[in-house]
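J.: Below is the structure I would like to discuss, written out as structure tokens.
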Amino acid sequence: MAEEMLTLDDLAKLKRQREEEKSRLSYQAYLDNLKILIGEKNPKIYSTVNSPKSNNDKQFVCIKEPVEFIALFSSCNGQDECKTLFQQLLDNRDLRVIDQVIDASGATSGLWFNTTNNGINLRPGLKNEEWSGPTTITLGDDAVHSLVAGRTGSGKSVFLNSVIFSLLAEYSPWELDLYLADFKKVEFSRYLSKCNVPHIKAVAATSEIRYVLSLLNYLAGCMVARQNFFALIGQQKLSEVREKYQIVLPRVLFIVDEFQQLFLEATGKEEIQITDLLTSITKLGRATGFHLMFASQEMSGTMSQSAFANFKARFALACDPEVSSRILGNPGASKLDKKGMVLANIGAGKEDTNQLFKVPFVSEEYFYTYLQDITDCGEKVKYDSVHKFYQEDSIKSMDELEDVLAAIKDVRTDYLAKNSSLFDIVTLGEAVVFNYKKYDYETVFLERGVRKNIGVFSPVVDDTVYICKLLAENFKNSPRANGYKHHIIVRNDLFMKKMDLAQELNVPNSEIHHSIGFLDEIVGTFGRRSREASLINRYQQYASLKEFAYDAFCLRAKHFDDLSDEQKDILPDLSDEEKEVLQELSEYYTNKSIEDIPAVQGTILHNYDIDKSYFRIINMLYEKEANGRSLVDLFDASIFWIIGTEMVGKFPREMETVLTDAMNYNMLFVLVASNIDFNDFYMCSKACDYLFVTGNNESYYNKLKLPFTKKSENSISVDFAISSSATQRSFKKFKFDLQEVIVPEIDFDSILS
């Protein structure tokens with residue numbers, strides 16, 4: 001085969017690529033040079049380096065965030081008591097306060113040579129392209145927060161990676177906590193995808209505004225807790241606390257790429273929350289050691305001018321004159337004509353105060369090698385840390401839910417045994433909000449009470465199927481699973497084609513109903529249970545167990561399930577013969593007590609051929625009084641699934657009462673609808689304290705009175721609310737493959753050709 005000939009244009013392009021590669025500054029070369037200069041204590045850069053100070057025992061004593069232990073000081077009277085208590089906690093190495101203790105003699109291969117006690121050094125690259133100039137822009141008391149701007153293709157991601165790499169090299173993980181958020185969901189996700197980089201506490205690779213908002217909220221809470229704690233022990237600044245007590249509390253840097261999206265995708269309510277949180281952090285960050293670095297192509301439509309002014313450290317790669325002037329205070333960045341160059345300005349704003357840096361480039365191959373080296377250093381010194389990696393598009397298998405349910409079965413059993421007010425405990429999925437726990441599965445405690453049903457409302461049928469699968473897995477793996485009786489009313493056949501709920505729950509055909517006539521049976525069951533409960537609750541009003549037994553036998557004999565609506569409260573009379581038999585049976589309870597009930601039943605069954613169901617109410621009384629069982633637990637736990645609630649038509653009039661009080665009689669309804677425009681929607685939704693909703697249709701959220709947030713069309717998050725407690729949460733789905741529904745069609749081509 002003849003060799004492919006390159007055209008002159010190809011050769012010119014290849015030459016430009018080679019020249020570009022040659023002109024690039026590799027990060028590895030940059031770091032090697034930096035370590036040499038540090039080792040030589042080069043005066044040009046060493047003024048910004050302060051060797052980390054250990055305590056007298058050559059240890060770094062790392063304390064937890066004060067938000068975790070500040071409650072310990074609630075009973076102290078005045079600063080002196082707080083100081084004494086804190087010193088005692090430190091001396092005793094109390095694990096409520098001490099996070100970990102690191103041996104200061106650990107070898108770190110020339111890395112981690114600086115402390116953040118007085119600030120964080122950002123190293124943009126080589127100043128004026130000189131190898132002797134890897135100088136810094138410091139975030140500290142003067143410039144607390146920073147901004148980065150640059151048009152698409154300007155090298156903004158390269159710059160951010162280089163800055164982060166330098167932070168990982170310069171500071172130990174107990175000196176600096178890094179939180180990263182990336183609305184592009186690509187660049188920052190690499191930082192925890194393969195290695196548990198010790199400095200990086202959280203990566204949010206998501207367009208999910210709520211997650212980033214919750215991360216901001218968490219950081220603001222930590223910051224306020226630091227401020228309050230410093231005041232308790234009579235200190236004002238992070239550096240003062242560290243020096244006085246010979247401890248380490250790290251500075252915190254939150255870096256957000258494509259920051260503008262945070263505002264563009266937020267709802268009006270969310271934007272107000274974001275603005276308030278940013279205002280709080282920018283005001284209090286200086287004293288508490290919290291810093292922000294926001295990067296975007298431009299900053300219009302984001303922060304107010306007053307908030308913007310708090311971001312004094314500015315970096316601009318190649319961009320338009322307007323953006324450059326907004327960021328640097330001058331159009332200097334619009335004149336950058338070489339790739340890999342960035343201008344920095346720390347507040348003067350004039351073009352002659354710009355500082356020019358050549359940014360090191362991190363190759364793909366070096367990226368993970370470097371992160372592994374940093375991770376290895378952390379392991380050598382036995383540094384331990386929780387890492388939270390939220391990838392919006394990553395989804396765990398449903399098998400993992402089964403493993404979680406198996407792991408918590410004993411805890412679940414214990415909770416249910418001790419709390420008669422609980423119907424069950426349901427595990428939902430990974431939270432779509434940040435918390436600093438290693439495992440952050442959302443759970444809901446299904447309580448008994450008024451209007452405690454479950455509503456599943458979504459315009460996406462697949463999502464309603466998923467939520468029912470989630471609930472089914474929880475009920476199947478429940479400690480109470482053997483006691484559950486499931487009943488399914490099917491009005492949406494498409495749902496059942498995508499997932500056979502009856503098969504999932506092992507429900508017999510006799511409990512699968514397609515006619516709404518079954519609702520009348522449900523009304524009858526509810527009526528029977530309410531009458532039985534009422535009779536048992538009146539037991540103390542009876543003069544004797546014999547009289548109670550007679551009424552219990554009569555109630556069983558009257559078959560009130562068959563009553564019409566008008567006759568519901570008027571029980572048919574028994575014949576004189578029936579009354580005589582029941583009176584004869586009740587005589588066996590003469591002068592008997594609750595404890596005698598089992599023995600009396602045995603005697604009656606020996607002497608009479610009678611159905612055991614006649615003893616149902618008396619036995620319930622025995623279980624309640626003798627064994628201390630709650631009345632509601634004496635009824636069979638019945639779960640009614642109404643699939644396609646919007647297709648039921650008009651519900652029986654009594655259903656509103658049934659749905660209102662169902663859980664008080666151990667009846668739980670799961671109402672599933674893919675359309676909310678039906679006559680009884682208000683009645684159904686009002687009866688559901690537990691609400692699940694998905695999708696991007698704001699009208700669903702408005703009708704259910706739930707906060708709406710924008711999300712991608714194929715979002716894997718589910719919104720959940722408990723109406724009675726005004727609680728709203730969100731969680732990620734587990735992976736579950738639906739059955740494919742094939743729409744039949746006629747192949748005219750094969751028939752007519």
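Identifiers for the structure tokens are assigned positionally: chains receive A, B, ... in sequence, residues are indexed from 1 per chain, and ligands are indexed from 1 in the order shown.
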Could you please write out, as a list in words, every residue of stretch 663-709 of chain A that DSSP assigns to alpha helix (DSSP H)?
T.: Phe681, Tyr682, Met683, Cys684, Ser685, Lys686, Glu698, Ser699, Tyr700, Tyr701, Asn702 and Lys703 of chain A
J.: Apply DSSP to the backbone of this structure and, from stretch 14-239 of chain A, keep only the residues in strand (DSSP E); write these as a ChimeraX atom specification.
T.: /A:59-63,98-103,120-122,126-127,137-139,146-149,176-182,200-205
J.: As a ChimeraX atom specification, please: the residues near A:Lys476 (cut-off 7 Å, only C-alpha atoms, same-chain neighbours under 4 positions excluded).
T.: /A:472,481,505
J.: Considering only C-alpha atoms, return as an NGL selection string whatever protein or nucleic-acid residues lie within 12 Å of A:Phe308, sequence-local ones (same chain, fewer than 3 positions apart) excluded.
T.: :A and (144-147 or 275 or 278-279 or 282-283 or 292-294 or 299-305 or 311-314 or 326-328 or 347)
J.: Take the residues from that selection and write them out as an mmCIF file, in the first residue's frame, keeping C-alpha atoms.
T.:
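Wrote it out as selection38.cif, contents follow:
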data_model
loop_
_atom_site.group_PDB
_atom_site.id
_atom_site.type_symbol
_atom_site.label_atom_id
_atom_site.label_comp_id
_atom_site.auth_asym_id
_atom_site.auth_seq_id
_atom_site.Cartn_x
_atom_site.Cartn_y
_atom_site.Cartn_z
ATOM 1 C CA VAL A 144 -10.138 36.323 50.632
ATOM 2 C CA HIS A 145 -11.915 35.008 47.544
ATOM 3 C CA SER A 146 -11.073 34.734 43.847
ATOM 4 C CA LEU A 147 -12.634 34.768 40.381
ATOM 5 C CA THR A 275 -27.227 34.934 47.243
ATOM 6 C CA LEU A 278 -22.638 33.668 49.345
ATOM 7 C CA THR A 279 -23.115 36.913 51.233
ATOM 8 C CA THR A 282 -17.878 36.306 51.754
ATOM 9 C CA LYS A 283 -18.405 38.312 54.950
ATOM 10 C CA LEU A 292 -14.254 30.700 47.384
ATOM 11 C CA MET A 293 -12.920 30.388 43.845
ATOM 12 C CA PHE A 294 -15.548 30.802 41.136
ATOM 13 C CA MET A 299 -19.973 36.590 35.352
ATOM 14 C CA SER A 300 -22.995 38.540 34.129
ATOM 15 C CA GLY A 301 -26.296 37.718 35.788
ATOM 16 C CA THR A 302 -24.672 36.268 38.895
ATOM 17 C CA MET A 303 -23.692 38.132 42.062
ATOM 18 C CA SER A 304 -24.504 41.669 43.064
ATOM 19 C CA GLN A 305 -21.785 44.275 42.701
ATOM 20 C CA PHE A 311 -13.611 38.536 45.300
ATOM 21 C CA LYS A 312 -10.389 40.499 45.241
ATOM 22 C CA ALA A 313 -8.059 37.950 43.643
ATOM 23 C CA ARG A 314 -8.877 37.955 39.916
ATOM 24 C CA ARG A 326 -15.325 43.156 34.578
ATOM 25 C CA ILE A 327 -12.823 40.683 36.060
ATOM 26 C CA LEU A 328 -9.477 42.514 36.088
ATOM 27 C CA GLY A 347 -7.414 44.704 43.437
#
J.: Within 6 Å of stretch 36-50 of chain A, counting only C-alpha atoms, which residues qualify if same-chain residues fewer than 5 places away don't, as number ranges by chain?
T.: A: 114-115, 135
J.: Interatomic distance between atom CA of A:Val381 and atom CA of A:Leu192?
T.: 19.7 Å
